[in-house]
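Asks: Sharing query-v5.pdb below, PDB, C-alpha atoms:
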```pdb
MODEL        1
ATOM      1  CA  MET A   1       0.000   0.000   0.000
ATOM      2  CA  PRO A   2       1.563   3.350  -0.989
ATOM      3  CA  ASP A   3       1.871   6.329   1.321
ATOM      4  CA  PHE A   4       0.849   9.800   0.169
ATOM      5  CA  SER A   5       2.185  13.323   0.466
ATOM      6  CA  ALA A   6      -0.101  16.363   0.233
ATOM      7  CA  ASN A   7       1.064  19.124  -2.087
ATOM      8  CA  LEU A   8       0.029  22.249  -0.224
ATOM      9  CA  GLY A   9       0.498  24.383  -3.304
ATOM     10  CA  PHE A  10      -2.915  23.076  -4.377
ATOM     11  CA  LEU A  11      -4.485  21.446  -1.306
ATOM     12  CA  TRP A  12      -5.959  23.478   1.591
ATOM     13  CA  THR A  13      -4.937  26.751  -0.036
ATOM     14  CA  ASP A  14      -7.660  28.512   1.974
ATOM     15  CA  ARG A  15      -5.505  28.047   5.086
ATOM     16  CA  SER A  16      -2.137  29.308   6.214
ATOM     17  CA  LEU A  17       0.719  26.944   5.436
ATOM     18  CA  PRO A  18       1.098  25.822   9.081
ATOM     19  CA  ASP A  19      -2.659  25.176   9.303
ATOM     20  CA  ALA A  20      -2.563  23.271   6.003
ATOM     21  CA  ILE A  21       0.199  21.062   7.410
ATOM     22  CA  HIS A  22      -2.028  20.154  10.341
ATOM     23  CA  ALA A  23      -4.966  19.510   7.988
ATOM     24  CA  ALA A  24      -2.828  17.134   5.934
ATOM     25  CA  HIS A  25      -1.895  15.216   9.048
ATOM     26  CA  ALA A  26      -5.531  14.983  10.133
ATOM     27  CA  ALA A  27      -6.479  13.648   6.685
ATOM     28  CA  GLY A  28      -3.973  10.802   6.867
ATOM     29  CA  PHE A  29      -1.088  12.064   4.723
ATOM     30  CA  VAL A  30       2.350  10.976   5.922
ATOM     31  CA  ALA A  31       4.237  13.929   4.418
ATOM     32  CA  VAL A  32       3.715  17.275   2.728
ATOM     33  CA  GLU A  33       5.313  19.297  -0.056
ATOM     34  CA  CYS A  34       4.773  22.816  -1.338
ATOM     35  CA  HIS A  35       5.482  25.219  -4.190
ATOM     36  CA  TRP A  36       6.700  28.621  -2.993
ATOM     37  CA  PRO A  37       6.474  28.882   0.812
ATOM     38  CA  TYR A  38       8.725  31.901   1.168
ATOM     39  CA  GLU A  39       6.131  34.353   2.515
ATOM     40  CA  THR A  40       5.671  32.100   5.570
ATOM     41  CA  PRO A  41       8.515  32.288   8.101
ATOM     42  CA  ALA A  42      10.481  29.049   8.003
ATOM     43  CA  LYS A  43      10.347  28.753  11.786
ATOM     44  CA  ASP A  44       6.534  28.629  11.648
ATOM     45  CA  VAL A  45       6.629  25.878   9.039
ATOM     46  CA  ALA A  46       9.238  23.924  10.984
ATOM     47  CA  ALA A  47       7.144  24.184  14.138
ATOM     48  CA  ALA A  48       4.005  22.953  12.370
ATOM     49  CA  LEU A  49       5.884  20.039  10.820
ATOM     50  CA  SER A  50       7.247  19.064  14.233
ATOM     51  CA  GLU A  51       3.835  19.327  15.882
ATOM     52  CA  ALA A  52       2.155  17.280  13.143
ATOM     53  CA  GLY A  53       4.956  14.732  12.898
ATOM     54  CA  LEU A  54       5.261  15.220   9.132
ATOM     55  CA  SER A  55       8.245  15.749   6.854
ATOM     56  CA  MET A  56       8.421  18.324   4.064
ATOM     57  CA  LEU A  57       9.479  16.543   0.877
ATOM     58  CA  GLY A  58      10.214  19.537  -1.284
ATOM     59  CA  LEU A  59       9.671  23.052  -2.580
ATOM     60  CA  ASN A  60      10.332  25.014  -5.778
ATOM     61  CA  THR A  61      12.706  27.789  -6.760
ATOM     62  CA  LEU A  62      11.000  31.089  -7.516
ATOM     63  CA  ARG A  63       9.523  31.561 -10.987
ATOM     64  CA  GLY A  64      10.682  35.144 -11.564
ATOM     65  CA  ASP A  65       8.277  37.708 -13.007
ATOM     66  CA  VAL A  66       5.065  35.683 -12.870
ATOM     67  CA  ALA A  67       2.909  38.595 -14.072
ATOM     68  CA  GLY A  68       5.221  38.857 -17.053
ATOM     69  CA  GLY A  69       4.783  35.176 -17.863
ATOM     70  CA  GLU A  70       7.957  33.758 -16.335
ATOM     71  CA  ASN A  71       7.992  30.211 -14.958
ATOM     72  CA  GLY A  72      11.490  29.707 -13.635
ATOM     73  CA  LEU A  73      14.916  31.213 -14.229
ATOM     74  CA  SER A  74      17.554  28.513 -14.465
ATOM     75  CA  ALA A  75      17.540  27.998 -18.246
ATOM     76  CA  LEU A  76      17.342  31.699 -19.110
ATOM     77  CA  PRO A  77      20.616  32.991 -20.599
ATOM     78  CA  GLY A  78      21.721  36.237 -19.005
ATOM     79  CA  ARG A  79      19.743  35.629 -15.823
ATOM     80  CA  GLU A  80      22.313  33.487 -14.058
ATOM     81  CA  SER A  81      22.707  35.735 -11.012
ATOM     82  CA  GLU A  82      18.940  35.754 -10.399
ATOM     83  CA  ALA A  83      18.699  32.014 -10.973
ATOM     84  CA  ARG A  84      21.446  31.275  -8.470
ATOM     85  CA  ALA A  85      19.956  33.661  -5.936
ATOM     86  CA  ALA A  86      16.679  31.725  -6.266
ATOM     87  CA  ILE A  87      18.558  28.444  -5.833
ATOM     88  CA  ASP A  88      20.347  29.780  -2.750
ATOM     89  CA  GLN A  89      17.027  30.985  -1.297
ATOM     90  CA  ALA A  90      15.344  27.636  -1.875
ATOM     91  CA  LEU A  91      18.220  25.657  -0.396
ATOM     92  CA  ALA A  92      18.384  27.866   2.696
ATOM     93  CA  TYR A  93      14.642  27.581   3.276
ATOM     94  CA  ALA A  94      14.700  23.828   2.636
ATOM     95  CA  GLU A  95      17.563  23.343   5.073
ATOM     96  CA  SER A  96      15.792  25.356   7.774
ATOM     97  CA  ILE A  97      12.679  23.131   7.601
ATOM     98  CA  SER A  98      14.569  19.869   6.873
ATOM     99  CA  ALA A  99      13.018  19.529   3.412
ATOM    100  CA  SER A 100      14.618  16.762   1.396
ATOM    101  CA  SER A 101      14.494  18.241  -2.116
ATOM    102  CA  VAL A 102      14.365  21.422  -4.196
ATOM    103  CA  HIS A 103      12.778  21.568  -7.645
ATOM    104  CA  VAL A 104      14.884  23.903  -9.789
ATOM    105  CA  MET A 105      12.544  25.468 -12.334
ATOM    106  CA  ALA A 106      13.963  25.916 -15.824
ATOM    107  CA  GLY A 107      11.693  28.628 -17.219
ATOM    108  CA  ASN A 108      10.101  29.552 -20.522
ATOM    109  CA  THR A 109      12.703  29.695 -23.262
ATOM    110  CA  HIS A 110      13.775  28.115 -26.535
ATOM    111  CA  ASN A 111      16.964  30.148 -26.751
ATOM    112  CA  ALA A 112      19.829  28.201 -28.305
ATOM    113  CA  ALA A 113      21.950  28.840 -25.216
ATOM    114  CA  ALA A 114      19.255  27.626 -22.798
ATOM    115  CA  HIS A 115      20.595  24.074 -22.534
ATOM    116  CA  ALA A 116      24.099  25.182 -21.539
ATOM    117  CA  THR A 117      22.658  27.718 -19.100
ATOM    118  CA  PHE A 118      20.492  25.089 -17.446
ATOM    119  CA  ILE A 119      23.431  22.685 -17.185
ATOM    120  CA  ASP A 120      25.595  25.340 -15.526
ATOM    121  CA  ASN A 121      22.916  26.354 -13.035
ATOM    122  CA  LEU A 122      22.050  22.756 -12.177
ATOM    123  CA  THR A 123      25.739  22.003 -11.635
ATOM    124  CA  TYR A 124      25.844  24.930  -9.229
ATOM    125  CA  ALA A 125      22.651  23.799  -7.478
ATOM    126  CA  CYS A 126      23.864  20.238  -7.038
ATOM    127  CA  ALA A 127      27.202  21.368  -5.628
ATOM    128  CA  GLU A 128      25.510  23.715  -3.150
ATOM    129  CA  ALA A 129      22.934  21.082  -2.143
ATOM    130  CA  ALA A 130      25.444  18.276  -1.662
ATOM    131  CA  GLY A 131      26.630  19.489   1.735
ATOM    132  CA  LYS A 132      23.057  19.976   2.910
ATOM    133  CA  ASN A 133      21.852  16.454   2.041
ATOM    134  CA  ILE A 134      19.251  17.913  -0.337
ATOM    135  CA  THR A 135      18.245  16.389  -3.681
ATOM    136  CA  ILE A 136      17.846  18.649  -6.717
ATOM    137  CA  LEU A 137      14.844  17.798  -8.892
ATOM    138  CA  ILE A 138      13.978  18.727 -12.471
ATOM    139  CA  GLU A 139      10.514  18.232 -13.930
ATOM    140  CA  PRO A 140       9.278  18.116 -17.535
ATOM    141  CA  LEU A 141       6.040  20.106 -17.899
ATOM    142  CA  ASN A 142       3.416  19.273 -20.508
ATOM    143  CA  ARG A 143       3.042  21.354 -23.653
ATOM    144  CA  ASN A 144      -0.660  22.034 -23.036
ATOM    145  CA  ASP A 145      -0.229  23.775 -19.682
ATOM    146  CA  ALA A 146       3.263  25.162 -20.264
ATOM    147  CA  PRO A 147       3.833  25.443 -24.022
ATOM    148  CA  ASP A 148       6.987  27.556 -23.717
ATOM    149  CA  TYR A 149       8.658  25.671 -20.862
ATOM    150  CA  PHE A 150      12.204  24.586 -21.650
ATOM    151  CA  LEU A 151      12.047  21.085 -20.154
ATOM    152  CA  ARG A 152       9.365  19.029 -21.920
ATOM    153  CA  THR A 153      10.165  15.323 -21.959
ATOM    154  CA  THR A 154      11.661  12.634 -19.773
ATOM    155  CA  ASN A 155      14.241  11.861 -22.474
ATOM    156  CA  GLN A 156      15.420  15.476 -22.402
ATOM    157  CA  ALA A 157      15.569  15.374 -18.604
ATOM    158  CA  VAL A 158      17.618  12.173 -18.587
ATOM    159  CA  ALA A 159      20.080  13.641 -21.110
ATOM    160  CA  ILE A 160      20.503  16.702 -18.890
ATOM    161  CA  MET A 161      21.016  14.566 -15.779
ATOM    162  CA  ASN A 162      23.629  12.496 -17.590
ATOM    163  CA  GLU A 163      25.471  15.651 -18.631
ATOM    164  CA  VAL A 164      25.443  17.193 -15.153
ATOM    165  CA  ASN A 165      26.465  13.812 -13.713
ATOM    166  CA  ALA A 166      25.616  14.596 -10.099
ATOM    167  CA  SER A 167      24.338  11.870  -7.789
ATOM    168  CA  ASN A 168      21.911  14.290  -6.106
ATOM    169  CA  LEU A 169      20.157  15.348  -9.339
ATOM    170  CA  LYS A 170      16.943  13.395  -9.881
ATOM    171  CA  LEU A 171      13.778  13.407 -11.980
ATOM    172  CA  MET A 172      10.435  14.641 -10.696
ATOM    173  CA  PHE A 173       8.140  12.040 -12.257
ATOM    174  CA  ASP A 174       4.761  13.770 -12.428
ATOM    175  CA  CYS A 175       2.183  11.302 -13.762
ATOM    176  CA  TYR A 176      -0.061  14.186 -14.810
ATOM    177  CA  HIS A 177       2.522  15.964 -16.970
ATOM    178  CA  ILE A 178       3.893  12.705 -18.374
ATOM    179  CA  GLY A 179       0.374  11.405 -18.977
ATOM    180  CA  ARG A 180      -0.488  14.481 -21.029
ATOM    181  CA  ASN A 181       2.819  14.738 -22.890
ATOM    182  CA  GLU A 182       4.114  11.197 -23.349
ATOM    183  CA  GLY A 183       1.698   8.612 -21.942
ATOM    184  CA  ASP A 184       2.607   5.004 -21.109
ATOM    185  CA  ILE A 185       3.130   6.021 -17.495
ATOM    186  CA  ILE A 186       4.018   2.710 -15.877
ATOM    187  CA  THR A 187       6.396   1.604 -18.628
ATOM    188  CA  ARG A 188       8.185   4.942 -18.327
ATOM    189  CA  PHE A 189       8.218   4.760 -14.544
ATOM    190  CA  LYS A 190       9.839   1.320 -14.551
ATOM    191  CA  ALA A 191      12.420   2.370 -17.143
ATOM    192  CA  LEU A 192      13.312   5.533 -15.237
ATOM    193  CA  GLN A 193      12.931   4.341 -11.651
ATOM    194  CA  SER A 194      16.644   4.503 -10.856
ATOM    195  CA  VAL A 195      16.795   8.246 -11.653
ATOM    196  CA  ILE A 196      13.445   9.279 -10.116
ATOM    197  CA  GLY A 197      13.562  11.377  -6.965
ATOM    198  CA  HIS A 198       9.860  11.996  -6.419
ATOM    199  CA  VAL A 199       6.516  10.935  -7.927
ATOM    200  CA  GLN A 200       3.453  13.186  -8.228
ATOM    201  CA  PHE A 201      -0.021  12.587  -9.644
ATOM    202  CA  ALA A 202      -3.315  14.146 -10.694
ATOM    203  CA  SER A 203      -6.071  13.178 -13.094
ATOM    204  CA  VAL A 204      -5.675  13.624 -16.844
ATOM    205  CA  PRO A 205      -6.721  15.882 -18.464
ATOM    206  CA  THR A 206      -8.294  18.102 -15.777
ATOM    207  CA  ARG A 207      -5.577  17.884 -13.076
ATOM    208  CA  GLY A 208      -8.290  17.042 -10.563
ATOM    209  CA  ALA A 209      -8.389  14.306  -7.941
ATOM    210  CA  PRO A 210      -7.041  10.945  -9.158
ATOM    211  CA  ASP A 211     -10.382   9.107  -8.981
ATOM    212  CA  GLN A 212     -11.545  10.760 -12.220
ATOM    213  CA  GLY A 213     -10.219  11.152 -15.752
ATOM    214  CA  GLU A 214      -8.579   8.776 -18.185
ATOM    215  CA  ILE A 215      -5.791   7.321 -16.003
ATOM    216  CA  ASN A 216      -6.587   4.287 -13.835
ATOM    217  CA  TYR A 217      -4.736   5.327 -10.709
ATOM    218  CA  ALA A 218      -5.717   2.198  -8.797
ATOM    219  CA  PHE A 219      -3.572   0.338 -11.328
ATOM    220  CA  VAL A 220      -0.825   2.987 -11.307
ATOM    221  CA  PHE A 221      -0.537   3.030  -7.519
ATOM    222  CA  ASN A 222      -0.477  -0.760  -7.349
ATOM    223  CA  GLU A 223       2.233  -1.029 -10.011
ATOM    224  CA  ILE A 224       4.397   1.627  -8.360
ATOM    225  CA  ASP A 225       3.993  -0.086  -4.999
ATOM    226  CA  ALA A 226       4.834  -3.477  -6.505
ATOM    227  CA  SER A 227       8.001  -2.020  -8.045
ATOM    228  CA  GLY A 228       9.488  -1.575  -4.595
ATOM    229  CA  TRP A 229       9.094   2.209  -4.571
ATOM    230  CA  SER A 230       8.734   3.145  -0.912
ATOM    231  CA  LYS A 231       8.619   6.947  -0.843
ATOM    232  CA  PRO A 232       5.317   8.830  -0.495
ATOM    233  CA  LEU A 233       3.524   9.711  -3.727
ATOM    234  CA  GLY A 234       2.707  13.389  -4.068
ATOM    235  CA  ALA A 235      -0.948  14.407  -4.463
ATOM    236  CA  GLU A 236      -0.538  17.515  -6.618
ATOM    237  CA  TYR A 237      -4.056  18.002  -7.901
ATOM    238  CA  LYS A 238      -6.497  20.911  -8.019
ATOM    239  CA  PRO A 239      -9.573  20.225  -5.857
ATOM    240  CA  ASN A 240     -12.930  21.119  -7.370
ATOM    241  CA  GLY A 241     -14.150  22.343  -3.997
ATOM    242  CA  PRO A 242     -13.015  22.027  -0.368
ATOM    243  CA  THR A 243      -9.994  19.745  -0.183
ATOM    244  CA  ASP A 244     -11.505  17.541   2.520
ATOM    245  CA  ALA A 245     -14.434  16.745   0.227
ATOM    246  CA  THR A 246     -12.094  15.352  -2.467
ATOM    247  CA  LEU A 247     -10.150  12.783  -0.438
ATOM    248  CA  SER A 248     -12.220   9.633  -0.889
ATOM    249  CA  TRP A 249      -9.614   8.404  -3.401
ATOM    250  CA  MET A 250      -7.227   7.760  -0.465
ATOM    251  CA  THR A 251      -9.261   4.694   0.409
ATOM    252  CA  SER A 252     -11.069   3.846  -2.841
ATOM    253  CA  LEU A 253      -7.940   3.570  -5.016
ATOM    254  CA  ILE A 254      -5.757   1.422  -2.759
TER
ENDMDL
END
```
Please go through the file and, once you have read it, give me the structure as structure tokens.

Replies:
Amino acid sequence: MPDFSANLGFLWTDRSLPDAIHAAHAAGFVAVECHWPYETPAKDVAAALSEAGLSMLGLNTLRGDVAGGENGLSALPGRESEARAAIDQALAYAESISASSVHVMAGNTHNAAAHATFIDNLTYACAEAAGKNITILIEPLNRNDAPDYFLRTTNQAVAIMNEVNASNLKLMFDCYHIGRNEGDIITRFKALQSVIGHVQFASVPTRGAPDQGEINYAFVFNEIDASGWSKPLGAEYKPNGPTDATLSWMTSLI
């Protein structure tokens, strides 16, 4: 039976982050993760995690100018100083709350120099994270939701990881993004398992709770569990109402 992590970037967003951590514990999640927690003092998050007995699995680097359409900085040529400041910020926050990973966001670009820029910034991130026992994650985003995002496919991600060649650089395997972009989720999971750092899920195509849509998550969860994967699976879906009213899948799909 798999364990689950609640992504508080989407779940219980009507509450403060510390209150959402407590709600996740009450709902039966064994861990939490988030997107951009930086407006909440790290000490408040650390206290809530300690009180709830939960671990924080990960958080993201800042996206940049969101109003201007930015979605990450680390593959943007000429923005290296901002990208590394965002990496430093994420690592410091993660270390202060004992989070185990940081997702370094590439950004929207098809510039010819983007690949080399991303490699350089990931090399920096991995070196800085190594002494903190933090894993660096990269995540392909689907072309429907993020048509201009630099990192699109698992093959591209694996090539980048091979080039960086750092043991603490891993793949964020998001079943939703992979389901929309590439499909064949379980075959891909089994082929990539050795380089996966975290697994997330949501329904396809709506990104709702996993008990709807075209992916049979009862099968997916069972296959991942049978593979020997033992880390919590991240529920990163958008509730179509109060989060607590969308959680029946936690018993119906396992």

Asks: Considering all atoms listed in the file, return as a ChimeraX atom specification whatever protein or nucleic-acid residues lie within 12 Å of Ala166 (chain A), sequence-local ones (same chain, fewer than 5 positions apart) excluded.

Replies: /A:119,122-130,135-137,158,160-161,195

Asks: Can you list, as a VMD selection string, every protein, DNA or RNA residue that comes within 9 Å of Trp229 (chain A) when you count all atoms listed in the file, leaving out same-chain residues fewer than 3 positions away?

Replies: chain A and resid 2 193 224 to 226 232

Asks: Please, what distance in Å, to one decimal, runs between CA of Phe173 (chain A) and CA of Asn155 (chain A)?

Replies: 11.9 Å

Asks: What does the structure give for the distance between CA of Leu151 (chain A) and CA of Gly78 (chain A), in Å to one decimal?

Replies: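 Pair CA of Leu151 (chain A) / CA of Gly78 (chain A) returns 18.0 Å.
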
Asks: Please identify all polymer residues within 8 Å of region 237-249 of chain A, counting all atoms listed in the file, omitting same-chain residues fewer than 6 positions from it, and present them as a PyMOL selection string.

Replies: chain A and resi 7+10-12+27+201-203+207-211

Asks: Save out the residues we just selected, C-alpha atoms, as a compact mmCIF listing (two decimals), in the frame of the given file.

Replies:
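Saved as part.txt:
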```txt
# COMPACT_ATOMS: atom_id res chain seq x y z
CA ASN A 7 1.06 19.12 -2.09
CA PHE A 10 -2.92 23.08 -4.38
CA LEU A 11 -4.49 21.45 -1.31
CA TRP A 12 -5.96 23.48 1.59
CA ALA A 27 -6.48 13.65 6.68
CA PHE A 201 -0.02 12.59 -9.64
CA ALA A 202 -3.32 14.15 -10.69
CA SER A 203 -6.07 13.18 -13.09
CA ARG A 207 -5.58 17.88 -13.08
CA GLY A 208 -8.29 17.04 -10.56
CA ALA A 209 -8.39 14.31 -7.94
CA PRO A 210 -7.04 10.94 -9.16
CA ASP A 211 -10.38 9.11 -8.98
```

Asks: Which of these residues is nearest to Ile196 (chain A), using all atoms listed in the file: A:Leu169, A:Ile178, A:Leu253, A:Val30?

Replies: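 Answer, going by the shortest atom-to-atom distance: A:Leu169.
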
Asks: Could you pull region 202-225 of chain A out of the block above and give me N, CA and C atoms, as an mmCIF file, in the first residue's frame?

Replies:
```cif
data_model
loop_
_atom_site.group_PDB
_atom_site.id
_atom_site.type_symbol
_atom_site.label_atom_id
_atom_site.label_comp_id
_atom_site.auth_asym_id
_atom_site.auth_seq_id
_atom_site.Cartn_x
_atom_site.Cartn_y
_atom_site.Cartn_z
ATOM 1 N N ALA A 202 -2.010 13.467 -10.604
ATOM 2 C CA ALA A 202 -3.315 14.146 -10.694
ATOM 3 C C ALA A 202 -4.024 13.538 -11.891
ATOM 4 N N SER A 203 -5.320 13.745 -11.969
ATOM 5 C CA SER A 203 -6.071 13.178 -13.094
ATOM 6 C C SER A 203 -5.684 13.849 -14.408
ATOM 7 N N VAL A 204 -5.853 13.116 -15.482
ATOM 8 C CA VAL A 204 -5.675 13.624 -16.844
ATOM 9 C C VAL A 204 -7.027 13.575 -17.538
ATOM 10 N N PRO A 205 -7.474 14.658 -18.169
ATOM 11 C CA PRO A 205 -6.721 15.882 -18.464
ATOM 12 C C PRO A 205 -6.993 17.051 -17.536
ATOM 13 N N THR A 206 -7.832 16.927 -16.513
ATOM 14 C CA THR A 206 -8.294 18.102 -15.777
ATOM 15 C C THR A 206 -7.386 18.519 -14.629
ATOM 16 N N ARG A 207 -6.451 17.692 -14.237
ATOM 17 C CA ARG A 207 -5.577 17.884 -13.076
ATOM 18 C C ARG A 207 -6.384 17.915 -11.774
ATOM 19 N N GLY A 208 -7.491 17.180 -11.765
ATOM 20 C CA GLY A 208 -8.290 17.042 -10.563
ATOM 21 C C GLY A 208 -7.832 15.860 -9.729
ATOM 22 N N ALA A 209 -8.691 15.456 -8.792
ATOM 23 C CA ALA A 209 -8.389 14.306 -7.941
ATOM 24 C C ALA A 209 -8.200 13.055 -8.791
ATOM 25 N N PRO A 210 -7.417 12.079 -8.324
ATOM 26 C CA PRO A 210 -7.041 10.945 -9.158
ATOM 27 C C PRO A 210 -8.137 9.905 -9.382
ATOM 28 N N ASP A 211 -9.300 10.065 -8.760
ATOM 29 C CA ASP A 211 -10.382 9.107 -8.981
ATOM 30 C C ASP A 211 -11.310 9.542 -10.110
ATOM 31 N N GLN A 212 -10.798 10.328 -11.035
ATOM 32 C CA GLN A 212 -11.545 10.760 -12.220
ATOM 33 C C GLN A 212 -10.573 10.808 -13.391
ATOM 34 N N GLY A 213 -11.091 11.002 -14.591
ATOM 35 C CA GLY A 213 -10.219 11.152 -15.752
ATOM 36 C C GLY A 213 -9.842 9.836 -16.405
ATOM 37 N N GLU A 214 -8.882 9.902 -17.304
ATOM 38 C CA GLU A 214 -8.579 8.776 -18.185
ATOM 39 C C GLU A 214 -7.478 7.855 -17.667
ATOM 40 N N ILE A 215 -6.824 8.192 -16.567
ATOM 41 C CA ILE A 215 -5.791 7.321 -16.003
ATOM 42 C C ILE A 215 -6.375 6.499 -14.860
ATOM 43 N N ASN A 216 -6.134 5.198 -14.898
ATOM 44 C CA ASN A 216 -6.587 4.287 -13.835
ATOM 45 C C ASN A 216 -5.555 4.303 -12.719
ATOM 46 N N TYR A 217 -5.740 5.179 -11.751
ATOM 47 C CA TYR A 217 -4.736 5.327 -10.709
ATOM 48 C C TYR A 217 -4.716 4.162 -9.723
ATOM 49 N N ALA A 218 -5.786 3.410 -9.614
ATOM 50 C CA ALA A 218 -5.717 2.198 -8.797
ATOM 51 C C ALA A 218 -4.641 1.275 -9.351
ATOM 52 N N PHE A 219 -4.605 1.143 -10.668
ATOM 53 C CA PHE A 219 -3.572 0.338 -11.328
ATOM 54 C C PHE A 219 -2.196 0.980 -11.169
ATOM 55 N N VAL A 220 -2.104 2.280 -11.398
ATOM 56 C CA VAL A 220 -0.825 2.987 -11.307
ATOM 57 C C VAL A 220 -0.234 2.861 -9.904
ATOM 58 N N PHE A 221 -1.042 3.120 -8.886
ATOM 59 C CA PHE A 221 -0.537 3.030 -7.519
ATOM 60 C C PHE A 221 -0.077 1.614 -7.185
ATOM 61 N N ASN A 222 -0.831 0.637 -7.626
ATOM 62 C CA ASN A 222 -0.477 -0.760 -7.349
ATOM 63 C C ASN A 222 0.840 -1.139 -8.021
ATOM 64 N N GLU A 223 1.009 -0.714 -9.278
ATOM 65 C CA GLU A 223 2.233 -1.029 -10.011
ATOM 66 C C GLU A 223 3.443 -0.329 -9.394
ATOM 67 N N ILE A 224 3.287 0.919 -8.996
ATOM 68 C CA ILE A 224 4.397 1.627 -8.360
ATOM 69 C C ILE A 224 4.751 0.960 -7.038
ATOM 70 N N ASP A 225 3.748 0.589 -6.269
ATOM 71 C CA ASP A 225 3.993 -0.086 -4.999
ATOM 72 C C ASP A 225 4.689 -1.423 -5.218
#
```
